[in-house]
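Engineer: This is the content of data.csv (CSV, C-alpha atoms and all ligand atoms):
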```
chain,number,residue,atom,x,y,z
A,191,MET,CA,0.0,0.0,0.0
A,192,VAL,CA,2.8,2.4,0.9
A,193,GLN,CA,5.1,3.4,-1.8
A,194,GLN,CA,8.8,2.5,-1.2
A,195,GLN,CA,10.6,5.9,-1.1
A,196,GLU,CA,13.5,7.1,1.0
A,197,VAL,CA,12.8,10.8,1.1
A,198,ASP,CA,10.2,13.0,-0.5
A,199,GLN,CA,12.3,14.8,-3.1
A,200,THR,CA,9.7,17.4,-3.7
A,201,GLN,CA,10.2,18.7,-0.1
A,202,PRO,CA,13.8,18.0,0.7
A,203,TYR,CA,13.9,20.5,3.4
A,204,SER,CA,11.1,19.3,5.6
A,205,CYS,CA,12.1,17.3,8.6
A,206,ALA,CA,11.2,13.7,8.0
A,207,GLY,CA,10.6,13.3,11.7
A,208,CYS,CA,8.2,16.1,12.6
A,209,GLY,CA,7.4,17.9,9.3
A,210,ILE,CA,8.9,21.3,10.3
A,211,GLU,CA,10.8,23.3,7.6
A,212,ILE,CA,14.5,22.7,8.0
A,213,GLN,CA,16.8,25.7,8.6
A,214,THR,CA,20.6,25.7,9.1
A,215,GLU,CA,21.0,29.2,10.6
A,216,ASN,CA,19.8,29.4,14.1
A,217,LYS,CA,20.4,26.6,16.6
A,218,ASN,CA,17.8,27.9,19.0
A,219,LYS,CA,14.9,28.1,16.6
A,220,SER,CA,12.8,25.1,15.5
A,221,GLY,CA,13.7,23.2,12.4
A,222,TYR,CA,17.5,23.6,12.9
A,223,ALA,CA,19.8,21.1,11.4
A,224,PRO,CA,23.5,21.4,10.7
A,225,ALA,CA,24.2,22.0,7.0
A,226,SER,CA,25.9,18.5,6.8
A,227,ALA,CA,22.6,16.9,7.7
A,228,LEU,CA,21.2,18.0,4.4
A,229,LYS,CA,23.5,15.6,2.5
A,230,ARG,CA,21.7,12.6,4.1
A,231,ASP,CA,19.0,10.7,2.3
A,232,ILE,CA,16.6,11.3,5.2
A,233,VAL,CA,16.9,14.7,6.8
A,234,ILE,CA,15.7,15.3,10.3
A,235,CYS,CA,16.0,18.3,12.6
A,236,GLN,CA,18.1,18.5,15.7
A,237,ARG,CA,15.1,18.3,18.0
A,238,CYS,CA,14.0,15.0,16.3
A,239,PHE,CA,17.5,13.7,16.5
A,240,ARG,CA,17.6,14.3,20.2
A,241,ILE,CA,14.2,12.8,20.9
A,242,LYS,CA,15.2,9.7,18.9
A,243,HIS,CA,18.7,9.2,20.2
A,244,TYR,CA,18.6,10.6,23.7
A,245,ASN,CA,14.9,10.2,24.5
A,246,GLU,CA,14.8,13.9,25.4
A,247,VAL,CA,11.7,15.8,26.3
A,248,ALA,CA,10.4,17.5,23.3
A,249,PRO,CA,10.3,21.2,24.2
A,250,VAL,CA,6.6,21.8,23.6
A,251,GLU,CA,6.1,24.4,20.9
A,252,MET,CA,2.6,25.5,20.9
A,253,HIS,CA,1.3,26.6,17.5
A,254,ASP,CA,-2.5,26.3,17.9
A,255,ASP,CA,-3.3,28.5,15.0
A,256,ASP,CA,-1.0,26.8,12.5
A,257,PHE,CA,-2.3,23.4,13.6
A,258,LEU,CA,-5.9,24.5,13.2
A,259,ARG,CA,-5.1,26.0,9.8
A,260,ILE,CA,-3.9,22.5,8.7
A,261,LEU,CA,-7.1,20.9,9.9
A,262,ASN,CA,-9.3,23.6,8.4
A,263,GLY,CA,-7.6,23.0,5.0
A,264,ILE,CA,-8.9,19.4,5.1
A,265,GLY,CA,-12.5,20.5,4.4
A,266,SER,CA,-11.5,21.7,0.9
A,267,THR,CA,-9.8,18.4,0.0
A,268,ASP,CA,-11.3,15.2,-1.3
A,269,SER,CA,-10.0,12.8,1.3
A,270,LEU,CA,-10.7,10.2,4.0
A,271,VAL,CA,-10.3,11.6,7.5
A,272,VAL,CA,-9.0,9.2,10.1
A,273,MET,CA,-9.5,10.6,13.6
A,274,VAL,CA,-7.5,9.0,16.4
A,275,VAL,CA,-8.5,9.0,20.0
A,276,ASP,CA,-6.7,7.5,23.0
A,277,ILE,CA,-8.9,4.9,24.5
A,278,PHE,CA,-7.4,5.4,28.0
A,279,ASP,CA,-8.1,9.1,27.9
A,280,PHE,CA,-11.2,9.3,25.7
A,281,HIS,CA,-12.4,12.5,27.3
A,282,GLY,CA,-9.1,14.3,27.3
A,283,SER,CA,-8.2,13.2,23.8
A,284,TRP,CA,-11.4,13.9,21.9
A,285,LEU,CA,-10.9,16.3,19.0
A,286,ARG,CA,-13.7,18.8,19.3
A,287,GLY,CA,-15.4,20.4,16.3
A,288,LEU,CA,-14.2,17.8,13.8
A,289,PRO,CA,-17.4,17.9,11.7
A,290,ARG,CA,-16.7,21.6,11.1
A,291,PHE,CA,-13.2,20.8,9.7
A,292,VAL,CA,-13.9,17.9,7.5
A,293,GLY,CA,-16.6,19.1,5.2
A,294,GLN,CA,-18.2,16.3,3.2
A,295,ASN,CA,-15.3,13.9,3.7
A,296,PRO,CA,-15.9,10.5,5.3
A,297,ILE,CA,-14.6,9.9,8.8
A,298,LEU,CA,-13.1,6.8,10.2
A,299,LEU,CA,-12.8,6.9,14.0
A,300,VAL,CA,-9.8,4.9,15.5
A,301,GLY,CA,-9.6,4.0,19.2
A,302,ASN,CA,-5.9,3.6,19.8
A,303,LYS,CA,-4.0,2.1,22.7
A,304,VAL,CA,-6.4,-0.8,23.1
A,305,ASP,CA,-3.5,-2.8,24.5
A,306,LEU,CA,-4.1,-0.9,27.8
A,307,LEU,CA,-7.6,-2.3,28.4
A,308,PRO,CA,-8.0,-5.4,30.5
A,309,ARG,CA,-7.7,-8.6,28.5
A,310,ASN,CA,-11.2,-10.0,29.0
A,311,ILE,CA,-13.0,-6.9,27.7
A,312,SER,CA,-15.2,-7.4,24.6
A,313,GLN,CA,-13.9,-5.4,21.6
A,314,ASN,CA,-17.4,-5.2,20.3
A,315,ARG,CA,-18.6,-3.6,23.5
A,316,VAL,CA,-15.8,-1.1,23.3
A,317,ARG,CA,-16.6,-0.3,19.7
A,318,ASN,CA,-20.3,0.2,20.5
A,319,TRP,CA,-19.4,2.4,23.5
A,320,ILE,CA,-17.2,4.6,21.3
A,321,GLN,CA,-20.0,4.9,18.7
A,322,HIS,CA,-22.3,6.0,21.6
A,323,GLU,CA,-19.8,8.5,23.0
A,324,ALA,CA,-19.1,9.9,19.5
A,325,LYS,CA,-22.8,10.4,18.9
A,326,GLU,CA,-23.1,12.2,22.2
A,327,ARG,CA,-20.4,14.6,20.9
A,328,GLY,CA,-22.2,15.2,17.6
A,329,LEU,CA,-19.9,12.9,15.4
A,330,ARG,CA,-21.3,10.1,13.3
A,331,PRO,CA,-18.2,8.3,11.9
A,332,ASP,CA,-18.5,6.0,9.0
A,333,ASP,CA,-16.9,3.3,11.1
A,334,VAL,CA,-15.0,2.7,14.3
A,335,VAL,CA,-11.8,0.5,14.5
A,336,LEU,CA,-9.8,-0.4,17.6
A,337,VAL,CA,-6.1,-0.7,17.3
A,338,SER,CA,-2.9,-0.7,19.2
A,339,ALA,CA,-0.4,1.2,17.1
A,340,ALA,CA,2.3,0.3,19.6
A,341,LYS,CA,1.7,-3.5,19.6
A,342,GLY,CA,0.4,-3.8,16.0
A,343,GLU,CA,-3.1,-5.1,17.0
A,344,GLY,CA,-6.0,-4.3,14.6
A,345,ILE,CA,-3.8,-2.8,11.9
A,346,ASP,CA,-4.9,-5.3,9.1
A,347,GLU,CA,-8.5,-4.4,9.8
A,348,LEU,CA,-7.7,-0.7,9.9
A,349,LEU,CA,-6.0,-0.9,6.5
A,350,ALA,CA,-8.8,-2.9,5.0
A,351,ARG,CA,-11.3,-0.2,6.2
A,352,ILE,CA,-9.1,2.6,5.0
A,353,GLY,CA,-8.9,0.9,1.6
A,354,GLN,CA,-12.7,0.6,1.4
A,355,LEU,CA,-13.5,4.1,2.6
A,356,ARG,CA,-10.8,6.1,0.8
A,357,LYS,CA,-11.8,5.1,-2.7
A,358,GLY,CA,-8.6,6.4,-4.2
A,359,ARG,CA,-8.5,9.5,-2.1
A,360,ASP,CA,-5.8,10.9,0.2
A,361,VAL,CA,-5.9,10.0,3.9
A,362,TYR,CA,-5.5,12.5,6.7
A,363,ILE,CA,-4.6,11.2,10.2
A,364,VAL,CA,-5.9,13.8,12.7
A,365,GLY,CA,-6.4,14.0,16.5
A,366,VAL,CA,-5.3,15.9,19.5
A,367,THR,CA,-1.7,15.6,20.7
A,368,ASN,CA,-0.3,12.3,22.0
A,369,VAL,CA,-3.0,10.0,20.9
A,370,GLY,CA,-0.5,8.0,18.8
A,371,LYS,CA,-1.0,9.3,15.2
A,372,SER,CA,2.6,9.2,14.3
A,373,THR,CA,3.1,5.8,16.0
A,374,LEU,CA,0.2,4.5,13.9
A,375,ILE,CA,1.7,5.7,10.7
A,376,ASN,CA,5.1,4.3,11.6
A,377,ARG,CA,3.4,1.0,12.2
A,378,ILE,CA,1.8,1.1,8.8
A,379,LEU,CA,5.1,2.0,7.3
A,380,HIS,CA,6.8,-0.7,9.1
A,381,ASP,CA,4.3,-3.4,8.3
A,382,TYR,CA,3.6,-2.4,4.7
A,383,GLY,CA,6.6,-0.9,3.0
A,384,ALA,CA,9.0,1.9,3.7
A,385,ALA,CA,10.4,0.7,7.0
A,386,ASP,CA,13.5,3.0,6.9
A,387,MET,CA,11.3,6.1,7.1
A,388,GLU,CA,10.3,6.8,10.6
A,389,ILE,CA,8.3,9.7,12.0
A,390,THR,CA,9.3,11.0,15.4
A,391,THR,CA,7.1,10.0,18.3
A,392,SER,CA,7.5,10.7,22.0
A,393,PRO,CA,5.6,10.4,25.3
A,394,PHE,CA,5.0,14.1,25.4
A,395,PRO,CA,2.4,16.2,23.6
A,396,GLY,CA,3.4,18.4,20.7
A,397,THR,CA,5.9,16.1,18.9
A,398,THR,CA,4.7,16.5,15.2
A,399,LEU,CA,5.0,20.1,14.1
A,400,ASP,CA,3.7,20.2,10.6
A,401,LYS,CA,2.0,18.0,8.0
A,402,ILE,CA,4.1,15.0,6.9
A,403,GLU,CA,3.3,13.4,3.5
A,404,ILE,CA,3.7,9.7,2.9
A,405,PRO,CA,3.1,8.8,-0.7
A,406,LEU,CA,0.9,5.8,-1.5
A,407,GLU,CA,1.2,3.6,-4.6
A,408,ASP,CA,-1.7,5.3,-6.4
A,409,ASP,CA,-0.1,8.7,-6.4
A,410,ARG,CA,-2.2,9.6,-3.4
A,411,SER,CA,-0.8,10.2,0.1
A,412,ILE,CA,-1.3,9.6,3.8
A,413,PHE,CA,-0.7,12.7,5.9
A,414,ASP,CA,0.4,12.8,9.5
A,415,THR,CA,-0.7,16.1,11.1
A,416,PRO,CA,0.3,17.9,14.3
A,417,GLY,CA,-1.9,17.1,17.3
A,418,ILE,CA,-4.4,19.8,18.2
A,419,ILE,CA,-3.7,21.0,21.8
A,420,ASN,CA,-6.6,20.2,24.0
A,421,ARG,CA,-6.1,22.2,27.2
A,422,ASP,CA,-8.1,19.6,29.1
A,423,GLN,CA,-5.4,17.0,28.5
A,424,ILE,CA,-3.6,16.5,31.8
A,425,GLY,CA,-0.3,16.1,29.9
A,426,HIS,CA,-0.3,19.9,29.5
A,427,LEU,CA,-0.5,20.4,33.3
A,428,VAL,CA,1.8,17.9,34.9
A,429,SER,CA,5.6,17.7,34.7
A,430,PRO,CA,7.1,15.4,32.1
A,431,GLU,CA,8.3,13.1,34.9
A,432,ASP,CA,4.8,12.8,36.2
A,433,LEU,CA,3.3,12.4,32.8
A,434,ARG,CA,5.4,9.2,32.5
A,435,LYS,CA,4.0,8.0,35.8
A,436,ILE,CA,0.3,8.6,35.1
A,437,THR,CA,0.5,7.1,31.6
A,438,PRO,CA,0.0,3.4,31.8
A,439,ARG,CA,2.5,1.3,29.8
A,440,THR,CA,0.8,-2.1,30.3
A,441,ARG,CA,-2.7,-3.4,30.7
A,442,ILE,CA,-4.6,-1.6,33.4
A,443,ASN,CA,-6.0,-3.8,36.1
A,444,PRO,CA,-8.4,-2.1,38.4
A,445,THR,CA,-7.7,-1.6,42.1
A,446,VAL,CA,-11.0,-2.1,43.8
A,447,PHE,CA,-11.9,-0.4,47.1
A,448,GLN,CA,-15.1,-1.2,49.0
A,449,LEU,CA,-16.1,2.3,50.2
A,450,ASN,CA,-18.4,3.4,52.9
A,451,ASP,CA,-19.9,6.8,52.8
A,452,GLN,CA,-17.7,9.5,54.4
A,453,GLN,CA,-14.5,7.9,52.9
A,454,THR,CA,-12.0,9.4,50.5
A,455,LEU,CA,-9.7,8.0,47.8
A,456,PHE,CA,-6.7,9.9,46.7
A,457,LEU,CA,-5.4,9.2,43.3
A,458,GLY,CA,-1.8,10.1,44.1
A,459,GLY,CA,-1.9,13.8,44.9
A,460,LEU,CA,-3.6,14.6,41.6
A,461,ALA,CA,-7.2,13.9,42.4
A,462,ARG,CA,-9.3,13.2,45.4
A,463,VAL,CA,-12.7,11.4,45.3
A,464,ASP,CA,-15.0,11.8,48.3
A,465,TYR,CA,-17.8,9.4,48.8
A,466,VAL,CA,-20.1,11.7,50.6
A,467,SER,CA,-23.2,9.7,50.9
A,468,GLY,CA,-24.6,6.4,49.7
A,469,GLU,CA,-24.5,2.6,50.5
A,470,ARG,CA,-21.3,0.7,50.7
A,471,GLN,CA,-20.0,0.2,47.1
A,472,PRO,CA,-17.1,-1.1,45.2
A,473,PHE,CA,-15.0,1.7,43.6
A,474,ALA,CA,-12.8,0.2,40.8
A,475,CYS,CA,-9.9,2.5,40.0
A,476,TYR,CA,-8.5,2.3,36.5
A,477,THR,CA,-5.2,4.2,36.6
A,478,ALA,CA,-1.5,3.6,35.8
A,479,LYS,CA,0.1,1.5,38.5
A,480,ASP,CA,2.5,4.3,39.5
A,481,VAL,CA,-0.5,6.3,40.7
A,482,TYR,CA,-0.6,5.5,44.4
A,483,ILE,CA,-4.2,5.2,45.6
A,484,HIS,CA,-4.7,6.0,49.3
A,485,ARG,CA,-7.9,5.6,51.3
A,486,THR,CA,-8.7,7.8,54.2
A,487,LYS,CA,-11.7,9.1,56.2
A,488,LEU,CA,-13.3,12.1,54.6
A,489,GLU,CA,-13.0,14.0,57.8
A,490,ASN,CA,-9.2,13.6,57.7
A,491,ALA,CA,-8.8,14.2,53.9
A,492,ASP,CA,-7.9,17.9,54.1
A,493,GLU,CA,-5.2,17.3,56.6
A,494,VAL,CA,-3.8,14.2,54.8
A,495,LEU,CA,-3.6,16.3,51.6
A,496,ALA,CA,-1.9,19.2,53.2
A,497,LYS,CA,0.6,17.0,54.9
A,498,HIS,CA,1.4,14.4,52.3
A,499,HIS,CA,0.8,16.0,48.9
A,500,GLY,CA,3.7,15.2,46.6
A,501,GLU,CA,5.2,12.7,49.0
A,502,LEU,CA,2.9,9.8,50.3
A,503,LEU,CA,0.3,11.1,47.8
A,504,THR,CA,2.4,10.8,44.6
A,505,PRO,CA,2.5,11.7,41.7
A,506,PRO,CA,3.0,14.7,41.7
A,507,THR,CA,6.5,14.2,42.9
A,508,GLY,CA,8.4,16.6,45.1
A,509,ALA,CA,8.9,20.1,43.6
A,510,ALA,CA,6.4,19.5,40.8
A,511,ALA,CA,3.6,19.3,43.3
A,512,LYS,CA,3.9,23.0,44.0
A,513,GLU,CA,3.4,24.0,40.3
A,514,LEU,CA,0.0,22.4,39.9
A,515,PRO,CA,-3.1,24.5,39.6
A,516,PRO,CA,-5.2,24.5,42.8
A,517,PHE,CA,-7.9,21.8,43.2
A,518,THR,CA,-11.4,22.5,41.9
A,519,ARG,CA,-14.4,20.6,43.4
A,520,TYR,CA,-17.1,18.9,41.4
A,521,THR,CA,-20.2,17.5,43.0
A,522,PHE,CA,-22.1,14.6,41.4
A,523,LYS,CA,-25.5,13.4,42.5
A,524,ILE,CA,-25.4,9.8,41.3
A,525,ASP,CA,-28.4,7.7,40.5
A,526,THR,CA,-27.3,5.1,38.1
A,527,LYS,CA,-29.1,2.1,36.6
A,528,GLY,CA,-26.1,0.6,34.8
A,529,PRO,CA,-22.3,0.8,35.0
A,530,THR,CA,-21.0,4.4,35.3
A,531,ASP,CA,-17.5,5.8,35.3
A,532,ILE,CA,-16.3,8.8,37.1
A,533,VAL,CA,-13.6,10.2,34.7
A,534,ILE,CA,-10.7,12.3,35.6
A,535,ALA,CA,-9.3,12.9,32.2
A,536,GLY,CA,-5.8,11.6,31.6
A,537,LEU,CA,-5.5,10.1,35.1
A,538,GLY,CA,-8.1,7.4,34.5
A,539,TRP,CA,-11.5,6.6,35.8
A,540,ILE,CA,-13.4,4.9,38.7
A,541,ALA,CA,-16.0,2.4,37.7
A,542,LEU,CA,-19.2,2.0,39.6
A,543,GLN,CA,-21.2,-1.1,38.9
A,544,GLY,CA,-25.0,-1.5,38.8
A,545,LYS,CA,-27.4,0.7,40.8
A,546,VAL,CA,-25.7,3.4,42.8
A,547,LYS,CA,-27.4,6.2,44.5
A,548,GLY,CA,-25.4,8.8,46.4
A,549,VAL,CA,-23.2,11.8,46.3
A,550,VAL,CA,-19.6,11.9,45.1
A,551,GLU,CA,-17.3,14.9,45.1
A,552,VAL,CA,-14.2,15.0,43.0
A,553,HIS,CA,-11.3,17.4,43.6
A,554,ALA,CA,-8.8,17.8,40.7
A,555,PRO,CA,-6.4,20.4,39.5
A,556,LYS,CA,-8.2,23.3,37.8
A,557,GLY,CA,-8.3,22.7,34.1
A,558,VAL,CA,-8.5,18.9,34.3
A,559,SER,CA,-11.8,17.8,32.9
A,560,VAL,CA,-13.9,15.7,35.3
A,561,GLY,CA,-17.2,14.1,34.6
A,562,LEU,CA,-19.5,11.0,34.5
A,563,ARG,CA,-20.0,8.7,31.6
A,564,LYS,CA,-21.6,5.4,30.6
A,565,GLY,CA,-19.3,2.6,31.9
A,566,LEU,CA,-16.6,1.6,29.4
A,567,ILE,CA,-16.1,-1.8,31.0
A,601,LIG,N1,0.2,1.9,25.2
A,601,LIG,C1,0.2,2.4,23.9
A,601,LIG,N2,0.9,3.6,23.7
A,601,LIG,C2,0.9,4.1,22.5
A,601,LIG,C3,0.2,3.5,21.4
A,601,LIG,N3,0.4,4.3,20.3
A,601,LIG,C4,1.2,5.4,20.7
A,601,LIG,N4,1.5,5.2,22.0
A,601,LIG,C5,2.3,6.1,22.8
A,601,LIG,O1,1.7,7.4,22.8
A,601,LIG,C6,2.7,8.4,22.9
A,601,LIG,C7,2.4,9.5,21.8
A,601,LIG,O2,2.6,8.9,20.5
A,601,LIG,P1,2.8,9.8,19.2
A,601,LIG,O3,2.7,8.8,18.1
A,601,LIG,O4,4.0,10.6,19.3
A,601,LIG,O5,1.5,10.6,19.3
A,601,LIG,P2,1.0,11.8,18.3
A,601,LIG,O6,-0.5,11.6,18.2
A,601,LIG,O7,1.7,11.7,17.0
A,601,LIG,O8,1.4,13.1,19.0
A,601,LIG,P3,1.7,14.6,18.5
A,601,LIG,O9,2.7,14.5,17.4
A,601,LIG,O10,2.2,15.3,19.6
A,601,LIG,O11,0.3,15.1,18.0
A,601,LIG,C8,4.0,7.7,22.7
A,601,LIG,O12,4.6,7.6,24.0
A,601,LIG,C9,3.6,6.4,22.2
A,601,LIG,O13,4.5,5.4,22.5
A,601,LIG,C10,-0.5,2.3,21.7
A,601,LIG,O14,-1.1,1.7,20.8
A,601,LIG,N5,-0.4,1.8,22.9
A,602,MG,MG,2.9,13.0,16.0
```
Using structure tokens, write down the structure that the file contains.

Structural biologist:
Amino acid sequence: MVQQQEVDQTQPYSCAGCGIEIQTENKNKSGYAPASALKRDIVICQRCFRIKHYNEVAPVEMHDDDFLRILNGIGSTDSLVVMVVDIFDFHGSWLRGLPRFVGQNPILLVGNKVDLLPRNISQNRVRNWIQHEAKERGLRPDDVVLVSAAKGEGIDELLARIGQLRKGRDVYIVGVTNVGKSTLINRILHDYGAADMEITTSPFPGTTLDKIEIPLEDDRSIFDTPGIINRDQIGHLVSPEDLRKITPRTRINPTVFQLNDQQTLFLGGLARVDYVSGERQPFACYTAKDVYIHRTKLENADEVLAKHHGELLTPPTGAAAKELPPFTRYTFKIDTKGPTDIVIAGLGWIALQGKVKGVVEVHAPKGVSVGLRKGLI
């Protein structure tokens, strides 16, 4: 499917890793590469070189307007739009306003990072759940596919659906930052052709900086695009060190707490869930395993937080604890008939099963989106 090609000769001075225009003048500006680098078959900028070889933090360069302009341009093309969401952070990684950008073009919705979900979960159920959540947000995709770009799951099915839906058109891969767009394209490149071309990926938001074109066999192309910055994404608030800790790397297995009313759970020092009133219930916490979950009595919670924030209650870790925005409180009157999740975007969710009637208050750093949703699992 992908055309074998070492470098796009029509744009020799775009970085093959992040798409930015290459310049050789100013080391401190984006796109810098030493002049000698231009002699190579595949040209990458210094920033991509450092991310690739030294695993450095990508200094986040925020270009909201430029990124939005790229998305806006898609409406006037004849193409298939593939929107990627991170299934672990569905709320934080939802690209708002997509229908506005894509015009008449078909949309394929891809739930990535499915490798993080518990093994016994039905993929059909997750797909239906994604359809439901998409509809709630005003998006009716032509289809939903689940993949793990990192592990290579679901890629054959994805390519088959892309093949059917694109009907000879270009393909744009879009989404907010850090959902795995570039990892997905690398996976396709690796499995289906130009394995020596590799787009830069990193655990931090804001890696891809401009459109990257990958030619297909039929003179059409797949385009990687820079992620739109969603301010709700917790990755924009916590330190890079803490982002590593709250991002799960392996399947998440819930830690279940039987809570009585007037008990509190701390998700590290990044969120606090108070079970104010209601019957004794299991609270199943789906978070990365480095998020330490601590149970205490609600009456002691303020004191525990003041005393142990950033230490026992970690992440955040040490000095980074002081830089977080102050907590905001959200009150939920819960009266559920079926499974319901309390979502703290980017940090994870707490699943409540069956009928629950009560009051829950969530405290999370200002800016992090918190809400209830239909249970995913
Ligand atoms: N667990 C898991 N992690 C993934 C998967 N795909 C991507 N990631 C990780 O998600 C992070 C972001 O990946 P990128 O491919 O750089 O994301 P992007 O959407 O291109 O990000 P921007 O260029 O910033 O918009 C990296 O740490 C990837 O390793 C996946 O299928 N599973
Ligand atoms: Mg990218």

Engineer: Chain A near ligand MG 602 (chain A) within 6 Å: what's each residue's closest atom pair and its distance in Å to one decimal, counting only C-alpha atoms and all ligand atoms, ordered by chain then ascending residue number, as JSON lines?

Structural biologist:
```
{"residue": "A:Lys371", "atom": "CA", "partner": "A:MG602", "partner_atom": "MG", "distance": 5.4}
{"residue": "A:Ser372", "atom": "CA", "partner": "A:MG602", "partner_atom": "MG", "distance": 4.2}
{"residue": "A:Thr391", "atom": "CA", "partner": "A:MG602", "partner_atom": "MG", "distance": 5.7}
{"residue": "A:Thr397", "atom": "CA", "partner": "A:MG602", "partner_atom": "MG", "distance": 5.2}
{"residue": "A:Thr398", "atom": "CA", "partner": "A:MG602", "partner_atom": "MG", "distance": 4.0}
{"residue": "A:Pro416", "atom": "CA", "partner": "A:MG602", "partner_atom": "MG", "distance": 5.8}
```

Engineer: Please identify every polymer residue within 7 Å of ligand LIG 601 (chain A), using only C-alpha atoms and all ligand atoms, and present the set as a PyMOL selection string.

Structural biologist: chain A and resi 302-306+337-341+365-374+390-399+416-418+438-440

Engineer: If you measure from CA of Ile419 (chain A) to CA of Tyr476 (chain A), what distance in Å do you get, rounded to one decimal?

Structural biologist: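 Separation of CA of Ile419 (chain A) and CA of Tyr476 (chain A): 24.3 Å.
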
Engineer: Please check which residues have atoms at most 6 Å from (-4.9, 11.6, 12.5) in the file's coordinates, counting all atoms listed in the file, and write them as a PyMOL selection string.

Structural biologist: chain A and resi 272-274+362-365+371

Engineer: Can you tell me which residues surround Ile320 (chain A) at a distance of at most 10 Å, considering all atoms listed in the file, apart from same-chain residues fewer than 4 positions away, and format the answer as a list in words?

Structural biologist: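 Listing them by chain and then by number gives Val275, Ile277, Phe280, Leu299, Val300, Gly301, Asn314, Arg315, Val316, Ala324, Lys325, Glu326, Val334, Val335, Leu336 and Leu566 of chain A.
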
Engineer: What separation in Å, quoted to one decimal, exists between CA of Asp256 (chain A) and CA of Phe239 (chain A)?

Structural biologist: 23.0 Å

Engineer: May I ask for the distance between CA of Gly425 (chain A) and CA of Ile297 (chain A), given in Å to one decimal place?

Structural biologist: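 The value is 26.2 Å.
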
Engineer: I need the residue nearest Ile311 (chain A) from this list: A:Ile442, A:Ile352, A:Leu457, A:Leu433. Use all atoms listed in the file for the distance.

Structural biologist: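 When distances to Ile311 (chain A) are compared using all atoms listed in the file, the smallest one comes from A:Ile442.
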
Engineer: Taking (-16.4, 19.6, 10.8) in the file's coordinates as the center, which residues reach within 10 Å of it, counting all atoms listed in the file, put as a list in words?

Structural biologist: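 Those residues lying close to the given coordinates are Leu261, Asn262, Ile264, Gly265, Arg286, Gly287, Leu288, Pro289, Arg290, Phe291, Val292, Gly293, Gln294, Asn295, Gly328 and Leu329 of chain A.
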
Engineer: Quick one: write out the picked residues with C-alpha atoms as a PDB file, in the coordinates of the input?

Structural biologist:
```pdb
ATOM      1  CA  LEU A 261      -7.100  20.900   9.900  1.00  0.00           C
ATOM      2  CA  ASN A 262      -9.300  23.600   8.400  1.00  0.00           C
ATOM      3  CA  ILE A 264      -8.900  19.400   5.100  1.00  0.00           C
ATOM      4  CA  GLY A 265     -12.500  20.500   4.400  1.00  0.00           C
ATOM      5  CA  ARG A 286     -13.700  18.800  19.300  1.00  0.00           C
ATOM      6  CA  GLY A 287     -15.400  20.400  16.300  1.00  0.00           C
ATOM      7  CA  LEU A 288     -14.200  17.800  13.800  1.00  0.00           C
ATOM      8  CA  PRO A 289     -17.400  17.900  11.700  1.00  0.00           C
ATOM      9  CA  ARG A 290     -16.700  21.600  11.100  1.00  0.00           C
ATOM     10  CA  PHE A 291     -13.200  20.800   9.700  1.00  0.00           C
ATOM     11  CA  VAL A 292     -13.900  17.900   7.500  1.00  0.00           C
ATOM     12  CA  GLY A 293     -16.600  19.100   5.200  1.00  0.00           C
ATOM     13  CA  GLN A 294     -18.200  16.300   3.200  1.00  0.00           C
ATOM     14  CA  ASN A 295     -15.300  13.900   3.700  1.00  0.00           C
ATOM     15  CA  GLY A 328     -22.200  15.200  17.600  1.00  0.00           C
ATOM     16  CA  LEU A 329     -19.900  12.900  15.400  1.00  0.00           C
TER      17      LEU A 329
END
```

Engineer: With all atoms listed in the file as the counted atoms, please give the residues lying no more than 12 Å from Gln213 (chain A), apart from itself and same-chain residues fewer than 4 positions off, as a ChimeraX atom specification.

Structural biologist: /A:202-205,217-228,233-236

Engineer: Using all atoms listed in the file, find the one residue out of A:Cys238, A:Leu285, A:Leu503, A:Ile389 that sits nearest to Leu258 (chain A).

Structural biologist: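 Selected residue with least distance to Leu258 (chain A): A:Leu285.
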
Engineer: A:Gln471, A:Thr477, A:Thr507, A:Thr454: which is nearest Val428 (chain A), counting all atoms listed in the file?

Structural biologist: A:Thr507

Engineer: Write out as a VMD selection string which residues come within 12 Å of Asp360 (chain A) when counting all atoms listed in the file, dropping same-chain ones fewer than 5 positions away.

Structural biologist: chain A and resid 264 267 to 272 295 to 296 352 to 353 355 403 to 414

Engineer: Can you list, as a ChimeraX atom specification, every protein, DNA or RNA residue that comes within 8 Å of Glu388 (chain A) when you count only C-alpha atoms, leaving out same-chain residues fewer than 4 positions away?

Structural biologist: /A:206-207,376,379

Engineer: Restrict the selected residues to C-alpha atoms and save them as an mmCIF file, in the coordinates of the input.

Structural biologist:
```cif
data_model
loop_
_atom_site.group_PDB
_atom_site.id
_atom_site.type_symbol
_atom_site.label_atom_id
_atom_site.label_comp_id
_atom_site.auth_asym_id
_atom_site.auth_seq_id
_atom_site.Cartn_x
_atom_site.Cartn_y
_atom_site.Cartn_z
ATOM 1 C CA ALA A 206 11.200 13.700 8.000
ATOM 2 C CA GLY A 207 10.600 13.300 11.700
ATOM 3 C CA ASN A 376 5.100 4.300 11.600
ATOM 4 C CA LEU A 379 5.100 2.000 7.300
#
```

Engineer: Give me, as a short mmCIF file (atom, residue, chain, number, x, y, z; two decimals) with C-alpha atoms, keeping the file's coordinate frame, all polymer residues having an atom no more than 9 Å from Ile436 (chain A), counting all atoms listed in the file and skipping those fewer than 2 positions away in the same chain.

Structural biologist:
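And here's out.cif as it stands now:
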```cif
data_model
loop_
_atom_site.label_atom_id
_atom_site.label_comp_id
_atom_site.auth_asym_id
_atom_site.auth_seq_id
_atom_site.Cartn_x
_atom_site.Cartn_y
_atom_site.Cartn_z
CA ASP A 432 4.80 12.80 36.20
CA LEU A 433 3.30 12.40 32.80
CA ARG A 434 5.40 9.20 32.50
CA PRO A 438 0.00 3.40 31.80
CA THR A 477 -5.20 4.20 36.60
CA ALA A 478 -1.50 3.60 35.80
CA LYS A 479 0.10 1.50 38.50
CA ASP A 480 2.50 4.30 39.50
CA VAL A 481 -0.50 6.30 40.70
CA PRO A 505 2.50 11.70 41.70
CA GLY A 536 -5.80 11.60 31.60
CA LEU A 537 -5.50 10.10 35.10
CA GLY A 538 -8.10 7.40 34.50
#
```
